[in-house]
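J.: One structure follows; several queries about it will come next.
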Amino acid sequence: MIVGLVGKPSSGKSTFFASSTMAVVEISERPFTTIKPNIGTAYVRVKDLGSELGVKSNPREGFIIDDIRFVPIKLIDVAGLIPEAHKGKGLGNQFLNDLNQAYVLINVVDVSGSTNERGEFVGYGKYDVEEEIKFLEKEINLWYLDVLKRNLEKMRRLRRAQRESSEILVEMLSSFRVNEEIASLVIERFGEIEKWESLEEIAVFLREKTKPIIIAANKIDLPFAEENFNRIKDKYDVIPTFAEGELALKRASKAGLVHYVPGESDFEIIKKPTEEQEQALERIRSIMKKWGGTGVQKILDHAVFDVLEYKAVFPAGAKLKDKDGNVLPDCFLLEKDARVIDFAKKIHSDIAKNLLYAIDIRTKKRLAKDYVLKHRDGIELVSAARRK
Ligand SMILES: Nc1nc2c(ncn2[C@@H]2O[C@H](COP(=O)(O)OP(=O)(O)O)[C@@H](O)[C@H]2O)c(=O)[nH]1
Ligand SMILES: [Mg+2]
């Protein structure tokens with residue numbers, strides 16, 4: 001599961017990245033601070049199954065705070081995009097190739113409208129945020145279009161050699177993670193490859209299917225941010241964020257100053273702060289009060305669980321422990337249609353091969369191999385080899 005952070009320079013991508021990974025990345029107001037992509041581990045929130053089952057979990061990966069399990073995902077922060085990046089200007093091609101890996105994109109915008117397309121300060125409310133959103137979407141759509149154009153001749157040739165359209169699409173567009181299902185949708189809608197009329201429409205369709213974009217309305221603490229947010233909130237899938245506040249809280253938390261559970265709307269001061277620290281923390285608190293938190297964790301959760309509709313599934317033996325005595329050590333993120341058998345394949349090909357059925361660890365009921373898993377299911381896999 002890879003989430004990509006995109007956006008123009010100085011919108012706050014590196015701050016967002018650092019705050020959600022606590023990696024130490026350079027943060028400054030200079031454009032193009034991040035030259036190579038930063039790939040780090042961020043987390044999504046899942047209510048742990050432990051308390052419900054009367055046990056205390058020991059996660060192998062990620063961690064638990066106050067019964068909330070933080071399950072690792074990958075986050076990529078890439079350098080800012082400038083106009084005509086798809087043609088290779090600026091860091092364009094590098095940018096686009098890195099983003100190929102992402103399943104969903106978070107476009108971090110400066111919702112205070114205070115920085116232009118190059119990331120230069122132009123005064124609060126001076127830059128059109130909607131323009132910023134449209135621009136990025138357009139650049140990425142154009143990239144898809146370029147790839148389609150470049151491959152069209154070859155795709156047509158393969159068609160003349162009697163190959164199936166869907167097979168060709170999967171093969172030629174594998175870098176976009178175009179699968180059977182998406183390829184069939186394209187053909188259903190636009191016809192066989194030789195009948196395609198508007199490559200533009202196909203590019204947009206493919207981009208929407210393979211790389212949905214949601215918006216982080218960042219710098220929500222600054223002047224003009226609220227007005228701008230209200231203007232875009234009904235038109236786009238957008239969540240207000242305060243990346244700088246999230247980063248400060250993570251640091252304060254690491255320093256033992258506060259107790260903060262990422263994603264919550266408030267925090268607790270647990271060590272006497274200096275006057276300066278207290279002022280900074282109270283400012284952050286007031287912004288969180290207004291917006292229901294910093295939004296950083298919220299948008300990551302939204303991307304994974306709402307937009308991609310992934311689900312967290314807990315594998316478990318009968319005693320809920322692994323051989324080392326760890327309770328509910330794992331929590332896997334699975335695609336929206338994943339069934340028991342797909343889950344088994346993820347764990348081990350042998351388990352999948354010998355799989356008989358699964359058991360729901362809450363109800364102890366049997367689940368068939370093709371049962372479609374639900375978010376927060378706890379599953380025991382029963383395979384032939386293990387049956388006594
Ligand atoms: N006020 C405010 N400033 C922010 C916020 N997020 C980032 N910044 C500042 O915006 C500037 C650019 O941030 P950076 O993360 O380097 O942007 P990038 O170029 O998109 O990676 C830095 O000075 C950050 O401290 C925020 O939520 N509020
Ligand atoms: Mg950066």
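All residue names refer to the structure tokens as shown: chains lettered A, B, ... in order, residues numbered from 1 in each chain, ligands numbered from 1 in order.
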Taking the backbone alone, and naming residues the way the document does, which bits of range 229-377 of chain A are strand (DSSP E) by DSSP, as a PyMOL selection string?

T.: chain A and resi 238-240+258-259+268-269+311-315+332-334+355-360+366-367+377

J.: Please produce an output containing N, CA and C atoms for each residue in the selection, written as a PDB file, in the first residue's frame.

T.:
```pdb
ATOM      1  N   VAL A 238     -11.839  16.783  -0.188  1.00  0.00           N
ATOM      2  CA  VAL A 238     -10.809  17.595   0.466  1.00  0.00           C
ATOM      3  C   VAL A 238     -10.923  17.562   1.991  1.00  0.00           C
ATOM      4  N   ILE A 239      -9.782  17.505   2.651  1.00  0.00           N
ATOM      5  CA  ILE A 239      -9.723  17.512   4.117  1.00  0.00           C
ATOM      6  C   ILE A 239      -8.739  18.606   4.538  1.00  0.00           C
ATOM      7  N   PRO A 240      -9.156  19.480   5.462  1.00  0.00           N
ATOM      8  CA  PRO A 240      -8.235  20.535   5.908  1.00  0.00           C
ATOM      9  C   PRO A 240      -7.087  19.927   6.721  1.00  0.00           C
ATOM     10  N   VAL A 258       3.988  15.951  25.608  1.00  0.00           N
ATOM     11  CA  VAL A 258       2.533  15.774  25.464  1.00  0.00           C
ATOM     12  C   VAL A 258       2.188  14.304  25.240  1.00  0.00           C
ATOM     13  N   HIS A 259       0.922  13.989  25.542  1.00  0.00           N
ATOM     14  CA  HIS A 259       0.374  12.697  25.130  1.00  0.00           C
ATOM     15  C   HIS A 259      -0.568  13.004  23.977  1.00  0.00           C
ATOM     16  N   GLU A 268      -2.790  16.111  25.436  1.00  0.00           N
ATOM     17  CA  GLU A 268      -2.664  16.443  26.848  1.00  0.00           C
ATOM     18  C   GLU A 268      -1.218  16.822  27.140  1.00  0.00           C
ATOM     19  N   ILE A 269      -1.029  17.910  27.842  1.00  0.00           N
ATOM     20  CA  ILE A 269       0.338  18.295  28.225  1.00  0.00           C
ATOM     21  C   ILE A 269       0.707  17.499  29.483  1.00  0.00           C
ATOM     22  N   LYS A 311      -9.217  -2.864   3.615  1.00  0.00           N
ATOM     23  CA  LYS A 311      -9.698  -3.290   4.926  1.00  0.00           C
ATOM     24  C   LYS A 311      -8.564  -3.932   5.709  1.00  0.00           C
ATOM     25  N   ALA A 312      -8.632  -3.759   7.010  1.00  0.00           N
ATOM     26  CA  ALA A 312      -7.611  -4.332   7.894  1.00  0.00           C
ATOM     27  C   ALA A 312      -8.134  -5.663   8.394  1.00  0.00           C
ATOM     28  N   VAL A 313      -7.312  -6.705   8.271  1.00  0.00           N
ATOM     29  CA  VAL A 313      -7.734  -8.033   8.709  1.00  0.00           C
ATOM     30  C   VAL A 313      -6.674  -8.620   9.635  1.00  0.00           C
ATOM     31  N   PHE A 314      -7.146  -9.197  10.732  1.00  0.00           N
ATOM     32  CA  PHE A 314      -6.247  -9.780  11.734  1.00  0.00           C
ATOM     33  C   PHE A 314      -6.189 -11.293  11.578  1.00  0.00           C
ATOM     34  N   PRO A 315      -5.021 -11.833  11.221  1.00  0.00           N
ATOM     35  CA  PRO A 315      -4.905 -13.292  11.199  1.00  0.00           C
ATOM     36  C   PRO A 315      -4.664 -13.779  12.633  1.00  0.00           C
ATOM     37  N   PHE A 332      -3.230  -7.056   8.584  1.00  0.00           N
ATOM     38  CA  PHE A 332      -2.916  -6.842   7.172  1.00  0.00           C
ATOM     39  C   PHE A 332      -3.925  -5.933   6.494  1.00  0.00           C
ATOM     40  N   LEU A 333      -3.409  -5.146   5.570  1.00  0.00           N
ATOM     41  CA  LEU A 333      -4.298  -4.313   4.758  1.00  0.00           C
ATOM     42  C   LEU A 333      -4.556  -5.039   3.447  1.00  0.00           C
ATOM     43  N   LEU A 334      -5.820  -5.273   3.158  1.00  0.00           N
ATOM     44  CA  LEU A 334      -6.179  -6.032   1.959  1.00  0.00           C
ATOM     45  C   LEU A 334      -7.073  -5.220   1.043  1.00  0.00           C
ATOM     46  N   LEU A 355      -5.709 -24.872   1.904  1.00  0.00           N
ATOM     47  CA  LEU A 355      -6.765 -24.223   2.688  1.00  0.00           C
ATOM     48  C   LEU A 355      -8.099 -24.959   2.596  1.00  0.00           C
ATOM     49  N   LEU A 356      -8.711 -25.182   3.759  1.00  0.00           N
ATOM     50  CA  LEU A 356     -10.032 -25.817   3.784  1.00  0.00           C
ATOM     51  C   LEU A 356     -11.126 -24.769   3.964  1.00  0.00           C
ATOM     52  N   TYR A 357     -10.951 -23.965   4.975  1.00  0.00           N
ATOM     53  CA  TYR A 357     -11.922 -22.914   5.277  1.00  0.00           C
ATOM     54  C   TYR A 357     -11.272 -21.987   6.295  1.00  0.00           C
ATOM     55  N   ALA A 358     -12.010 -20.975   6.731  1.00  0.00           N
ATOM     56  CA  ALA A 358     -11.491 -20.104   7.775  1.00  0.00           C
ATOM     57  C   ALA A 358     -12.499 -20.062   8.914  1.00  0.00           C
ATOM     58  N   ILE A 359     -12.039 -19.561  10.054  1.00  0.00           N
ATOM     59  CA  ILE A 359     -12.948 -19.394  11.187  1.00  0.00           C
ATOM     60  C   ILE A 359     -12.916 -17.931  11.610  1.00  0.00           C
ATOM     61  N   ASP A 360     -14.107 -17.376  11.788  1.00  0.00           N
ATOM     62  CA  ASP A 360     -14.226 -16.015  12.299  1.00  0.00           C
ATOM     63  C   ASP A 360     -13.928 -16.074  13.791  1.00  0.00           C
ATOM     64  N   ARG A 366     -17.604 -20.884  10.751  1.00  0.00           N
ATOM     65  CA  ARG A 366     -16.796 -21.188   9.571  1.00  0.00           C
ATOM     66  C   ARG A 366     -17.084 -20.200   8.448  1.00  0.00           C
ATOM     67  N   LEU A 367     -16.012 -19.866   7.710  1.00  0.00           N
ATOM     68  CA  LEU A 367     -16.160 -18.988   6.553  1.00  0.00           C
ATOM     69  C   LEU A 367     -15.589 -19.720   5.343  1.00  0.00           C
ATOM     70  N   ASP A 377     -12.042  -7.843  10.407  1.00  0.00           N
ATOM     71  CA  ASP A 377     -12.287  -9.259  10.627  1.00  0.00           C
ATOM     72  C   ASP A 377     -11.065  -9.878  11.290  1.00  0.00           C
TER      73      ASP A 377
END
```

J.: Please list as number ranges by chain every residue within 8 Å of Arg45 in chain A, counting only C-alpha atoms and excluding residues in the same chain fewer than 2 positions away.

T.: A: 43, 47, 68-71, 263, 297, 301

J.: What's the 12 Å shell around range 276-278 of chain A, counting only C-alpha atoms, without same-chain residues fewer than 3 positions away, as JSON, numbers by chain?

T.: {"A": [248, 249, 251, 252, 255, 257, 258, 268, 269, 270, 271, 272, 273, 281, 282, 283, 284, 285]}

J.: Applying 10 Å and only C-alpha atoms, which residues near Ile232 in chain A remain after dropping the ones on its own chain fewer than 6 positions away? List them as a ChimeraX atom specification.

T.: /A:111,129-130,133,215,217,238

J.: Output N, CA, C and O atoms for every residue in the selection just made, as a PDB file, in the first residue's frame.

T.:
```pdb
ATOM      1  N   VAL A 111      -3.710  26.089   1.090  1.00  0.00           N
ATOM      2  CA  VAL A 111      -5.079  26.608   1.021  1.00  0.00           C
ATOM      3  C   VAL A 111      -5.162  28.078   1.445  1.00  0.00           C
ATOM      4  O   VAL A 111      -6.185  28.724   1.263  1.00  0.00           O
ATOM      5  N   VAL A 129      -6.470  28.802  -5.375  1.00  0.00           N
ATOM      6  CA  VAL A 129      -6.283  27.419  -4.921  1.00  0.00           C
ATOM      7  C   VAL A 129      -6.935  26.412  -5.875  1.00  0.00           C
ATOM      8  O   VAL A 129      -6.423  25.318  -6.101  1.00  0.00           O
ATOM      9  N   GLU A 130      -8.061  26.804  -6.444  1.00  0.00           N
ATOM     10  CA  GLU A 130      -8.736  25.885  -7.355  1.00  0.00           C
ATOM     11  C   GLU A 130      -7.886  25.648  -8.606  1.00  0.00           C
ATOM     12  O   GLU A 130      -7.810  24.543  -9.138  1.00  0.00           O
ATOM     13  N   ILE A 133      -5.382  23.070  -7.836  1.00  0.00           N
ATOM     14  CA  ILE A 133      -5.934  21.712  -7.849  1.00  0.00           C
ATOM     15  C   ILE A 133      -6.093  21.209  -9.286  1.00  0.00           C
ATOM     16  O   ILE A 133      -5.683  20.106  -9.626  1.00  0.00           O
ATOM     17  N   ILE A 215      -7.512  15.853  -1.840  1.00  0.00           N
ATOM     18  CA  ILE A 215      -6.832  17.119  -1.565  1.00  0.00           C
ATOM     19  C   ILE A 215      -6.627  17.336  -0.068  1.00  0.00           C
ATOM     20  O   ILE A 215      -7.569  17.240   0.717  1.00  0.00           O
ATOM     21  N   ALA A 217      -6.048  20.278   2.186  1.00  0.00           N
ATOM     22  CA  ALA A 217      -6.078  21.743   2.214  1.00  0.00           C
ATOM     23  C   ALA A 217      -5.160  22.179   3.351  1.00  0.00           C
ATOM     24  O   ALA A 217      -5.596  22.429   4.476  1.00  0.00           O
ATOM     25  N   VAL A 238     -11.839  16.783  -0.188  1.00  0.00           N
ATOM     26  CA  VAL A 238     -10.809  17.595   0.466  1.00  0.00           C
ATOM     27  C   VAL A 238     -10.923  17.562   1.991  1.00  0.00           C
ATOM     28  O   VAL A 238     -12.017  17.582   2.543  1.00  0.00           O
TER      29      VAL A 238
END
```

J.: If we count only C-alpha atoms and set the cut-off at 10 Å, which residues sit around Ser19 in chain A, ignoring sequence neighbours fewer than 6 positions away in its own chain? Please answer as JSON, numbers by chain.

T.: {"A": [13, 25, 42, 243, 244, 245, 246, 247, 248, 249, 250, 251, 262, 296, 297]}

J.: Identify all residues of range 275-342 of chain A in alpha helix (DSSP H) (DSSP on the backbone) and supply them as a count of residues only.

T.: 26
